[in-house]
$ cat upload.txt   # compact mmCIF, C-alpha atoms and all ligand atoms
# COMPACT_ATOMS: atom_id res chain seq x y z
CA MET K 1 57.30 100.25 9.72
CA ILE K 2 54.92 100.94 12.65
CA VAL K 3 53.99 97.87 14.66
CA LEU K 4 51.18 97.55 17.17
CA GLY K 5 52.14 95.24 20.05
CA ILE K 6 49.56 93.53 22.26
CA GLU K 7 50.31 91.76 25.54
CA SER K 8 47.57 89.82 27.36
CA SER K 9 49.16 86.61 28.66
CA CYS K 10 48.31 87.05 32.33
CA ASP K 11 47.05 89.92 34.47
CA GLU K 12 48.26 92.96 32.56
CA THR K 13 46.87 94.38 29.33
CA GLY K 14 49.66 96.14 27.44
CA ILE K 15 49.50 98.02 24.14
CA ALA K 16 52.39 99.71 22.35
CA LEU K 17 53.30 101.31 19.04
CA TYR K 18 56.85 100.69 17.89
CA HIS K 19 58.63 102.23 14.91
CA SER K 20 61.28 100.08 13.21
CA GLU K 21 63.74 103.02 13.03
CA LYS K 22 62.60 105.46 15.71
CA GLY K 23 61.85 102.85 18.40
CA LEU K 24 58.98 103.10 20.87
CA LEU K 25 56.31 105.68 19.97
CA ALA K 26 53.75 105.04 22.72
CA HIS K 27 52.72 102.46 25.27
CA THR K 28 49.77 101.96 27.61
CA LEU K 29 49.14 99.44 30.34
CA HIS K 30 46.27 98.33 32.51
CA SER K 31 47.04 96.21 35.55
CA GLN K 32 44.39 93.84 36.93
CA VAL K 33 45.96 93.70 40.38
CA GLU K 34 42.88 95.10 42.13
CA ILE K 35 40.56 92.55 40.53
CA HIS K 36 42.63 89.53 41.56
CA ALA K 37 43.84 90.82 44.96
CA GLU K 38 40.52 89.86 46.54
CA TYR K 39 41.16 86.21 45.55
CA GLY K 40 44.86 86.10 46.47
CA GLY K 41 45.91 85.20 42.92
CA VAL K 42 44.99 85.49 39.26
CA VAL K 43 41.48 84.22 38.38
CA PRO K 44 41.82 83.24 34.69
CA GLU K 45 38.22 83.91 33.64
CA LEU K 46 38.23 87.37 35.22
CA ALA K 47 41.57 88.07 33.51
CA SER K 48 40.22 87.22 30.03
CA ARG K 49 37.14 89.39 30.50
CA ASP K 50 39.15 92.33 31.72
CA HIS K 51 41.56 92.13 28.76
CA ILE K 52 38.56 92.35 26.42
CA ARG K 53 37.29 95.38 28.33
CA TYR K 54 40.57 97.29 28.07
CA LEU K 55 42.11 96.38 24.69
CA THR K 56 40.19 98.97 22.62
CA PRO K 57 40.47 101.93 25.04
CA LEU K 58 44.19 101.24 25.55
CA LEU K 59 44.74 101.12 21.79
CA GLU K 60 42.90 104.43 21.38
CA GLN K 61 45.01 105.92 24.16
CA ALA K 62 48.27 104.72 22.59
CA LEU K 63 47.28 106.09 19.16
CA ALA K 64 46.42 109.45 20.74
CA GLN K 65 49.77 109.46 22.62
CA ALA K 66 51.63 108.86 19.35
CA GLY K 67 49.38 111.29 17.41
CA LEU K 68 48.50 108.57 14.92
CA ASP K 69 45.41 107.11 13.31
CA LYS K 70 45.02 103.34 13.23
CA SER K 71 45.57 103.46 9.46
CA ALA K 72 49.26 104.21 10.28
CA ILE K 73 49.70 100.66 11.67
CA ASP K 74 51.79 98.55 9.27
CA GLY K 75 51.75 95.32 11.26
CA VAL K 76 50.34 93.74 14.41
CA ALA K 77 52.22 91.63 16.97
CA TYR K 78 50.41 89.76 19.72
CA THR K 79 51.53 87.45 22.52
CA ALA K 80 50.50 83.93 21.49
CA GLY K 81 51.98 82.11 24.50
CA PRO K 82 52.97 80.90 27.00
CA GLY K 83 50.33 82.07 29.47
CA LEU K 84 46.69 81.70 30.48
CA ILE K 85 44.89 80.42 27.41
CA GLY K 86 41.76 82.58 27.74
CA ALA K 87 43.82 85.69 28.42
CA LEU K 88 46.06 84.93 25.43
CA MET K 89 43.05 84.31 23.20
CA SER K 90 41.59 87.73 24.06
CA GLY K 91 44.67 89.62 22.82
CA ALA K 92 45.42 87.23 19.96
CA ALA K 93 41.86 87.37 18.57
CA PHE K 94 41.82 91.16 18.91
CA GLY K 95 45.21 91.55 17.24
CA ARG K 96 44.65 89.04 14.45
CA SER K 97 41.23 90.48 13.59
CA LEU K 98 42.51 94.05 13.62
CA ALA K 99 45.35 93.08 11.28
CA TRP K 100 42.80 91.47 8.95
CA ALA K 101 40.58 94.56 9.04
CA LEU K 102 43.54 96.87 8.35
CA ASP K 103 44.90 94.46 5.73
CA VAL K 104 48.35 94.34 7.34
CA PRO K 105 50.45 91.33 8.41
CA ALA K 106 50.22 89.87 11.92
CA VAL K 107 52.85 87.95 13.83
CA GLU K 108 52.73 85.88 17.02
CA VAL K 109 55.23 86.72 19.73
CA HIS K 110 56.57 84.39 22.41
CA HIS K 111 56.06 86.14 25.74
CA MET K 112 59.50 85.14 27.06
CA GLU K 113 61.21 86.29 23.87
CA GLY K 114 59.52 89.63 24.44
CA HIS K 115 61.00 89.76 27.96
CA LEU K 116 64.41 88.59 26.80
CA LEU K 117 64.73 91.31 24.15
CA ALA K 118 63.20 94.03 26.38
CA PRO K 119 66.64 95.47 27.36
CA MET K 120 66.98 96.38 23.66
CA LEU K 121 64.19 98.94 24.12
CA GLU K 122 66.70 101.09 26.01
CA ASP K 123 69.22 103.54 24.50
CA ASN K 124 72.00 101.54 26.11
CA ALA K 125 71.06 98.27 24.40
CA PRO K 126 73.11 95.06 24.65
CA ALA K 127 74.70 93.58 21.51
CA PHE K 128 74.56 89.87 20.64
CA PRO K 129 75.80 87.49 21.89
CA PHE K 130 74.81 87.72 25.55
CA VAL K 131 73.92 85.57 28.52
CA ALA K 132 70.37 86.26 29.66
CA LEU K 133 68.83 85.64 33.05
CA LEU K 134 65.09 85.48 32.59
CA VAL K 135 63.29 85.67 35.90
CA SER K 136 59.53 85.99 35.84
CA GLY K 137 56.50 84.66 37.66
CA GLY K 138 56.21 81.63 35.40
CA HIS K 139 59.81 80.96 34.29
CA THR K 140 63.37 81.13 35.54
CA LEU K 141 66.09 80.33 33.05
CA LEU K 142 69.56 81.15 31.81
CA ALA K 143 70.07 81.28 28.06
CA TYR K 144 72.92 82.03 25.69
CA VAL K 145 71.51 84.40 23.10
CA LYS K 146 73.32 84.55 19.76
CA GLY K 147 70.57 86.45 17.97
CA VAL K 148 66.80 86.74 17.69
CA GLY K 149 65.42 83.21 17.88
CA GLN K 150 68.83 81.71 18.69
CA TYR K 151 68.37 80.70 22.29
CA GLN K 152 70.54 78.03 23.84
CA LEU K 153 69.05 76.96 27.16
CA LEU K 154 71.82 76.80 29.77
CA GLY K 155 69.69 76.05 32.82
CA GLN K 156 66.21 76.48 34.24
CA SER K 157 64.15 76.07 37.36
CA LEU K 158 63.26 72.46 38.08
CA ASP K 159 60.28 73.52 40.19
CA ASP K 160 59.04 77.00 41.19
CA ALA K 161 60.12 80.02 39.16
CA ALA K 162 61.89 82.75 41.15
CA GLY K 163 58.84 85.05 40.96
CA GLU K 164 56.58 82.20 42.01
CA ALA K 165 58.81 81.56 45.04
CA PHE K 166 58.59 85.27 45.94
CA ASP K 167 54.80 85.21 45.55
CA LYS K 168 54.27 81.98 47.54
CA THR K 169 56.54 83.07 50.39
CA ALA K 170 54.83 86.47 50.46
CA LYS K 171 51.48 84.69 50.72
CA LEU K 172 52.75 82.65 53.70
CA LEU K 173 53.79 85.93 55.32
CA GLY K 174 50.30 87.31 54.73
CA LEU K 175 51.50 89.95 52.26
CA GLY K 176 48.73 89.28 49.74
CA TYR K 177 48.92 89.42 45.96
CA PRO K 178 51.07 90.30 44.08
CA GLY K 179 53.58 89.24 46.69
CA GLY K 180 57.00 89.78 45.06
CA PRO K 181 57.12 93.59 45.25
CA ALA K 182 55.53 93.57 48.75
CA LEU K 183 58.09 91.08 50.06
CA ALA K 184 60.93 93.11 48.52
CA ALA K 185 59.61 96.28 50.18
CA LEU K 186 59.36 94.57 53.57
CA ALA K 187 62.88 93.11 53.18
CA GLU K 188 64.23 96.67 53.21
CA LYS K 189 63.24 96.84 56.90
CA GLY K 190 64.82 93.46 57.69
CA ARG K 191 67.89 93.13 59.93
CA PRO K 192 70.80 91.39 58.19
CA GLY K 193 72.07 88.18 59.74
CA VAL K 194 69.02 87.36 61.89
CA TYR K 195 68.09 84.40 59.66
CA ARG K 196 70.03 82.58 56.98
CA PHE K 197 68.26 80.60 54.28
CA PRO K 198 69.98 77.90 52.17
CA ARG K 199 71.25 78.64 48.64
CA PRO K 200 69.64 75.77 46.70
CA MET K 201 71.74 73.69 44.25
CA ILE K 202 74.87 75.84 44.33
CA ASP K 203 77.10 72.94 45.39
CA ARG K 204 76.06 70.93 42.32
CA PRO K 205 77.54 71.54 38.90
CA GLY K 206 75.27 72.95 36.20
CA LEU K 207 72.98 75.91 35.84
CA ASP K 208 69.58 74.62 36.93
CA PHE K 209 67.65 76.18 39.80
CA SER K 210 65.28 74.92 42.47
CA PHE K 211 63.37 77.43 44.58
CA SER K 212 60.48 75.43 46.04
CA GLY K 213 62.50 74.39 49.13
CA LEU K 214 62.90 78.04 50.15
CA LYS K 215 59.19 78.49 50.74
CA THR K 216 59.16 75.38 52.98
CA PHE K 217 62.21 76.77 54.80
CA ALA K 218 60.33 80.07 55.22
CA LEU K 219 57.29 78.23 56.61
CA ASN K 220 59.41 76.30 59.15
CA THR K 221 61.21 79.51 60.17
CA MET K 222 57.88 81.28 60.60
CA GLN K 223 56.50 78.45 62.74
CA SER K 224 59.47 78.46 65.10
CA ALA K 225 59.54 82.28 65.31
CA ALA K 226 55.80 82.68 65.99
CA GLU K 227 54.65 83.75 69.41
CA ASP K 228 51.06 82.82 70.31
CA GLY K 229 50.60 81.90 66.65
CA ALA K 230 51.50 85.40 65.43
CA LEU K 231 54.59 86.90 63.83
CA ALA K 232 55.94 90.30 64.83
CA GLU K 233 56.30 92.76 61.91
CA GLN K 234 60.07 92.91 62.50
CA VAL K 235 60.32 89.11 62.28
CA LYS K 236 58.38 89.16 58.99
CA ALA K 237 60.83 91.75 57.68
CA ASP K 238 63.83 89.70 58.85
CA ILE K 239 62.45 86.57 57.14
CA SER K 240 61.72 88.56 53.96
CA LEU K 241 65.30 89.82 53.88
CA ALA K 242 66.80 86.36 54.47
CA PHE K 243 64.59 84.89 51.74
CA GLU K 244 65.43 87.65 49.26
CA GLU K 245 69.16 87.32 49.99
CA ALA K 246 69.01 83.57 49.34
CA VAL K 247 67.23 83.95 45.98
CA VAL K 248 69.48 86.81 44.84
CA ASP K 249 72.65 85.06 45.95
CA THR K 250 71.66 81.84 44.18
CA LEU K 251 70.85 83.72 40.95
CA LYS K 252 74.15 85.62 41.20
CA ILE K 253 76.22 82.46 41.66
CA LYS K 254 74.56 80.79 38.65
CA CYS K 255 74.96 83.93 36.50
CA ARG K 256 78.66 84.07 37.31
CA ARG K 257 78.97 80.41 36.39
CA ALA K 258 77.10 81.00 33.12
CA ILE K 259 79.25 83.89 31.93
CA GLU K 260 82.43 81.94 32.77
CA GLN K 261 81.17 78.83 30.99
CA GLN K 262 80.15 80.77 27.85
CA HIS K 263 83.21 83.06 27.88
CA CYS K 264 80.74 85.89 27.43
CA LYS K 265 80.84 88.95 29.65
CA THR K 266 77.58 90.57 28.57
CA LEU K 267 74.78 89.74 31.00
CA VAL K 268 71.15 90.71 30.54
CA ILE K 269 68.41 90.50 33.21
CA ALA K 270 64.79 90.42 32.14
CA GLY K 271 61.39 89.47 33.53
CA GLY K 272 59.39 90.66 36.53
CA VAL K 273 61.92 89.69 39.21
CA GLY K 274 64.43 91.79 37.24
CA ALA K 275 62.66 94.74 38.91
CA ASN K 276 64.14 93.62 42.25
CA LYS K 277 66.61 96.25 43.46
CA ARG K 278 68.84 93.84 45.39
CA LEU K 279 69.12 91.55 42.37
CA ARG K 280 70.12 94.45 40.11
CA ALA K 281 72.67 95.76 42.60
CA GLU K 282 74.24 92.36 43.33
CA LEU K 283 74.47 91.40 39.65
CA ALA K 284 75.98 94.80 38.85
CA LYS K 285 78.70 94.21 41.48
CA MET K 286 79.38 90.69 40.23
CA ILE K 287 79.63 91.71 36.57
CA GLN K 288 81.88 94.66 37.43
CA GLN K 289 84.27 92.30 39.23
CA ALA K 290 84.20 90.03 36.16
CA GLY K 291 85.02 93.00 33.89
CA GLY K 292 81.74 92.64 32.01
CA GLU K 293 78.63 94.68 31.36
CA LEU K 294 75.12 94.35 32.81
CA TYR K 295 71.99 95.37 30.89
CA TYR K 296 68.38 95.53 32.01
CA PRO K 297 65.19 97.26 30.95
CA ARG K 298 63.66 100.09 32.98
CA ILE K 299 61.46 98.74 35.81
CA GLU K 300 58.17 99.11 33.90
CA PHE K 301 59.54 96.99 31.04
CA CYS K 302 60.73 94.23 33.42
CA THR K 303 57.16 93.28 34.26
CA ASP K 304 54.61 92.50 31.54
CA ASN K 305 54.10 95.24 28.96
CA GLY K 306 53.13 95.81 25.32
CA ALA K 307 56.40 97.52 24.34
CA MET K 308 58.45 94.32 24.53
CA ILE K 309 55.90 92.51 22.35
CA ALA K 310 55.82 95.32 19.78
CA GLN K 311 59.62 95.35 19.58
CA ALA K 312 60.05 91.56 19.23
CA GLY K 313 57.15 91.47 16.75
CA CYS K 314 58.70 94.28 14.70
CA MET K 315 61.97 92.34 14.45
CA ARG K 316 60.09 89.27 13.21
CA LEU K 317 57.79 91.17 10.81
CA MET K 318 60.81 92.99 9.34
CA ALA K 319 62.34 89.55 8.71
CA GLY K 320 59.23 88.63 6.71
CA GLU K 321 57.53 86.43 9.29
CA THR K 322 53.71 86.46 9.33
CA GLN K 323 50.91 84.26 10.54
CA PRO K 324 47.88 83.08 8.58
CA LEU K 325 44.35 84.01 9.69
CA GLU K 326 44.13 81.04 12.05
CA ILE K 327 44.58 82.08 15.71
CA ASP K 328 46.83 79.64 17.53
CA ALA K 329 47.41 80.69 21.15
CA ARG K 330 49.37 78.26 23.34
CA ALA K 331 49.46 77.93 27.14
CA ARG K 332 52.82 76.14 26.79
CA TRP K 333 55.41 76.96 24.15
CA SER K 334 59.11 76.28 24.26
CA MET K 335 61.38 79.20 23.35
CA GLN K 336 63.72 76.81 21.55
CA ASP K 337 61.00 76.09 18.98
CA LEU K 338 61.23 79.66 17.70
CA PRO K 339 62.75 80.20 14.27
CA ALA K 340 65.96 82.21 14.06
CA ILE K 341 65.87 85.40 12.03
O1 LIG K 401 57.40 88.94 34.04
P1 LIG K 401 56.25 89.14 34.93
O2 LIG K 401 55.59 90.49 34.99
O3 LIG K 401 55.11 88.13 34.60
C1 LIG K 401 55.38 86.83 34.14
O4 LIG K 401 55.62 86.68 32.92
O5 LIG K 401 55.36 85.93 34.99
O6 LIG K 401 56.73 88.71 36.38
C2 LIG K 401 55.90 88.78 37.49
C3 LIG K 401 56.68 88.26 38.68
C4 LIG K 401 55.81 88.05 39.89
O7 LIG K 401 56.09 86.78 40.44
C5 LIG K 401 56.23 89.18 40.82
O8 LIG K 401 56.05 88.87 42.18
C6 LIG K 401 57.67 89.33 40.47
O9 LIG K 401 57.71 89.20 39.07
N1 LIG K 401 58.22 90.65 40.87
C7 LIG K 401 59.16 90.83 41.82
C8 LIG K 401 59.38 92.22 41.93
N2 LIG K 401 58.55 92.85 41.04
C9 LIG K 401 57.85 91.87 40.40
N3 LIG K 401 59.84 89.93 42.55
C10 LIG K 401 60.75 90.42 43.42
N4 LIG K 401 61.02 91.72 43.59
C11 LIG K 401 60.36 92.66 42.88
N5 LIG K 401 60.63 93.95 43.05
ZN ZN K 402 56.01 88.11 31.84
$ encode --input "upload.txt" --output "structure tokens"
Amino acid sequence: MIVLGIESSCDETGIALYHSEKGLLAHTLHSQVEIHAEYGGVVPELASRDHIRYLTPLLEQALAQAGLDKSAIDGVAYTAGPGLIGALMSGAAFGRSLAWALDVPAVEVHHMEGHLLAPMLEDNAPAFPFVALLVSGGHTLLAYVKGVGQYQLLGQSLDDAAGEAFDKTAKLLGLGYPGGPALAALAEKGRPGVYRFPRPMIDRPGLDFSFSGLKTFALNTMQSAAEDGALAEQVKADISLAFEEAVVDTLKIKCRRAIEQQHCKTLVIAGGVGANKRLRAELAKMIQQAGGELYYPRIEFCTDNGAMIAQAGCMRLMAGETQPLEIDARARWSMQDLPAI
């Protein structure tokens, strides 16, 4: 079965073609970074319009890459939530209508399920069960994954998601949008030990996170380090490093706790912050010491993409799941409401 996957929940338009036996056939992506950079964040209306602009050309590109005609598509999977409602509606309406026109089934995909199963796009794919750390711009959570749709929430962020904390702190440092990758790049020039940020909630039992205090800590540090109201580039780099170390260390401590609690040594990282090099390296060290195995998708499948939606959708379509003609996109949608397959 060949499944078309469509991702349009935020500021990236992603299209992919996925074969149930052969895996990924083609994928294309258009990032809206340049459009939103001017405003310092995602402007929802501009996002929706840009998705509409790019969906058809990206689909044509993906079909050409795979050497296929659209008549080869056996099913369509689209992100139905969570995300920006207008952006979701653009991809969902496009996908549902195309499925109707081609007379093939369509299935909605939960964006976070797409992320969570993304490591399975790789040759070295994890086997169930595993503990998953999902770290994106909108969500930070730890889940015990027994199978597709079997997600036991172990802990989550009580306030800002890890990516959001990266983005907000980057904004304070004047690094613009999107801030996470820029802050991580600057942190590479930081001097270790100049600043030390707190590791939130590690002295409390449980697996919940809280990252909003770190941005306040960053702001206070910046204010006391400023000279004549300005921050030297080196100081910005030192603060970036201290911030990144605090987030990574906190995530590592909670991941270690989660694998011990679940007696499960397979750890999966997914979501945009999963692209962070320090996080990957520190989790790899931790899991090696624990005698376990770490899995993550390639960098381009950590951040939003169509491939993860096509893969998750293919799994659900193969299990016989389909949606009626009604288009039901949701800004909020709990992953625990998903049916198991
Ligand atoms: O998963 P994603 O592409 O979109 C959501 O579903 O939210 O994640 C985007 C988030 C942003 O907050 C971005 O700043 C962060 O991932 N991110 C990073 C890095 N690359 C992306 N954060 C830290 N280090 C990175 N290298
Ligand atoms: Zn995402």
$ residues_near_point --input "upload.txt" --point "(59.0, 83.4, 10.0)" --cutoff "10 Å" --atoms "only C-alpha atoms" --output "PDB file with C-alpha atoms, in the coordinates of the input"
ATOM      1  CA  VAL K 107      52.850  87.950  13.830  1.00  0.00           C
ATOM      2  CA  GLU K 108      52.730  85.880  17.020  1.00  0.00           C
ATOM      3  CA  ARG K 316      60.090  89.270  13.210  1.00  0.00           C
ATOM      4  CA  LEU K 317      57.790  91.170  10.810  1.00  0.00           C
ATOM      5  CA  MET K 318      60.810  92.990   9.340  1.00  0.00           C
ATOM      6  CA  ALA K 319      62.340  89.550   8.710  1.00  0.00           C
ATOM      7  CA  GLY K 320      59.230  88.630   6.710  1.00  0.00           C
ATOM      8  CA  GLU K 321      57.530  86.430   9.290  1.00  0.00           C
ATOM      9  CA  THR K 322      53.710  86.460   9.330  1.00  0.00           C
ATOM     10  CA  GLN K 323      50.910  84.260  10.540  1.00  0.00           C
ATOM     11  CA  LEU K 338      61.230  79.660  17.700  1.00  0.00           C
ATOM     12  CA  PRO K 339      62.750  80.200  14.270  1.00  0.00           C
ATOM     13  CA  ALA K 340      65.960  82.210  14.060  1.00  0.00           C
ATOM     14  CA  ILE K 341      65.870  85.400  12.030  1.00  0.00           C
TER      15      ILE K 341
END
$ closest_residue --input "upload.txt" --among "K:Ile35, K:Leu25, K:Ile287, K:Ile15" --to "K:Tyr177" --atoms "all atoms listed in the file"
K:Ile35
$ residues_near_ligand --input "upload.txt" --ligand "ligand ZN 402 (chain K)" --cutoff "12 Å" --atoms "only C-alpha atoms and all ligand atoms" --output "JSON, numbers by chain"
{"K": [7, 8, 9, 10, 11, 12, 13, 14, 79, 81, 82, 83, 84, 110, 111, 112, 113, 114, 115, 116, 118, 134, 135, 136, 137, 138, 139, 140, 161, 163, 164, 270, 271, 272, 273, 274, 275, 300, 301, 302, 303, 304, 305, 306, 308, 309]}
$ axis_aligned_box --input "upload.txt" --around "stretch 112-118 of chain K" --padding-each-side "8 Å" --output "lines of an AutoDock Vina configuration file"
center_x = 62.1
center_y = 89.6
center_z = 25.9
size_x = 21.2
size_y = 24.9
size_z = 20.1
$ closest_residue --input "upload.txt" --among "K:Thr250, K:Gln150, K:Gln156, K:Ser240" --to "ligand LIG 401 (chain K)" --atoms "all atoms listed in the file"
K:Ser240
$ atom_distance --input "upload.txt" --atom1 "atom CA of K:Cys255" --atom2 "atom CA of K:Val148"
20.7 Å
$ closest_residue --input "upload.txt" --among "K:Gln262, K:Ala185, K:Tyr151, K:Ser20" --to "K:Asp337" --atoms "all atoms listed in the file"
K:Tyr151
$ closest_residue --input "upload.txt" --among "K:Asp167, K:Glu233, K:Asp228, K:Asp208" --to "ligand LIG 401 (chain K)" --atoms "only C-alpha atoms and all ligand atoms"
K:Asp167
$ build_atoms --input "upload.txt" --residues "stretch 116-132 of chain K" --atoms "N, CA and C atoms" --output "PDB file, in the coordinates of the input"
ATOM      1  N   LEU K 116      62.977  88.761  27.018  1.00  0.00           N
ATOM      2  CA  LEU K 116      64.410  88.590  26.800  1.00  0.00           C
ATOM      3  C   LEU K 116      65.022  89.721  25.957  1.00  0.00           C
ATOM      4  N   LEU K 117      64.222  90.234  25.017  1.00  0.00           N
ATOM      5  CA  LEU K 117      64.730  91.310  24.150  1.00  0.00           C
ATOM      6  C   LEU K 117      64.384  92.694  24.699  1.00  0.00           C
ATOM      7  N   ALA K 118      63.639  92.740  25.817  1.00  0.00           N
ATOM      8  CA  ALA K 118      63.200  94.030  26.380  1.00  0.00           C
ATOM      9  C   ALA K 118      64.360  94.992  26.675  1.00  0.00           C
ATOM     10  N   PRO K 119      65.542  94.520  27.119  1.00  0.00           N
ATOM     11  CA  PRO K 119      66.640  95.470  27.360  1.00  0.00           C
ATOM     12  C   PRO K 119      67.025  96.237  26.081  1.00  0.00           C
ATOM     13  N   MET K 120      66.651  95.700  24.918  1.00  0.00           N
ATOM     14  CA  MET K 120      66.980  96.380  23.660  1.00  0.00           C
ATOM     15  C   MET K 120      66.055  97.567  23.386  1.00  0.00           C
ATOM     16  N   LEU K 121      65.040  97.761  24.241  1.00  0.00           N
ATOM     17  CA  LEU K 121      64.190  98.940  24.120  1.00  0.00           C
ATOM     18  C   LEU K 121      64.923 100.184  24.617  1.00  0.00           C
ATOM     19  N   GLU K 122      65.988  99.965  25.395  1.00  0.00           N
ATOM     20  CA  GLU K 122      66.700 101.090  26.010  1.00  0.00           C
ATOM     21  C   GLU K 122      67.780 101.651  25.072  1.00  0.00           C
ATOM     22  N   ASP K 123      68.166 102.919  25.321  1.00  0.00           N
ATOM     23  CA  ASP K 123      69.220 103.540  24.500  1.00  0.00           C
ATOM     24  C   ASP K 123      70.511 102.745  24.619  1.00  0.00           C
ATOM     25  N   ASN K 124      70.803 102.332  25.870  1.00  0.00           N
ATOM     26  CA  ASN K 124      72.000 101.540  26.110  1.00  0.00           C
ATOM     27  C   ASN K 124      71.632 100.057  25.947  1.00  0.00           C
ATOM     28  N   ALA K 125      71.541  99.625  24.681  1.00  0.00           N
ATOM     29  CA  ALA K 125      71.060  98.270  24.400  1.00  0.00           C
ATOM     30  C   ALA K 125      72.221  97.280  24.300  1.00  0.00           C
ATOM     31  N   PRO K 126      72.035  96.053  24.776  1.00  0.00           N
ATOM     32  CA  PRO K 126      73.110  95.060  24.650  1.00  0.00           C
ATOM     33  C   PRO K 126      73.253  94.580  23.200  1.00  0.00           C
ATOM     34  N   ALA K 127      74.481  94.157  22.840  1.00  0.00           N
ATOM     35  CA  ALA K 127      74.700  93.580  21.510  1.00  0.00           C
ATOM     36  C   ALA K 127      74.808  92.067  21.651  1.00  0.00           C
ATOM     37  N   PHE K 128      74.404  91.331  20.635  1.00  0.00           N
ATOM     38  CA  PHE K 128      74.560  89.870  20.640  1.00  0.00           C
ATOM     39  C   PHE K 128      76.036  89.522  20.519  1.00  0.00           C
ATOM     40  N   PRO K 129      76.537  88.427  21.058  1.00  0.00           N
ATOM     41  CA  PRO K 129      75.800  87.490  21.890  1.00  0.00           C
ATOM     42  C   PRO K 129      75.800  87.940  23.347  1.00  0.00           C
ATOM     43  N   PHE K 130      74.805  87.451  24.106  1.00  0.00           N
ATOM     44  CA  PHE K 130      74.810  87.720  25.550  1.00  0.00           C
ATOM     45  C   PHE K 130      74.210  86.557  26.319  1.00  0.00           C
ATOM     46  N   VAL K 131      74.539  86.541  27.618  1.00  0.00           N
ATOM     47  CA  VAL K 131      73.920  85.570  28.520  1.00  0.00           C
ATOM     48  C   VAL K 131      72.726  86.283  29.137  1.00  0.00           C
ATOM     49  N   ALA K 132      71.565  85.625  29.113  1.00  0.00           N
ATOM     50  CA  ALA K 132      70.370  86.260  29.660  1.00  0.00           C
ATOM     51  C   ALA K 132      69.829  85.488  30.845  1.00  0.00           C
TER      52      ALA K 132
END
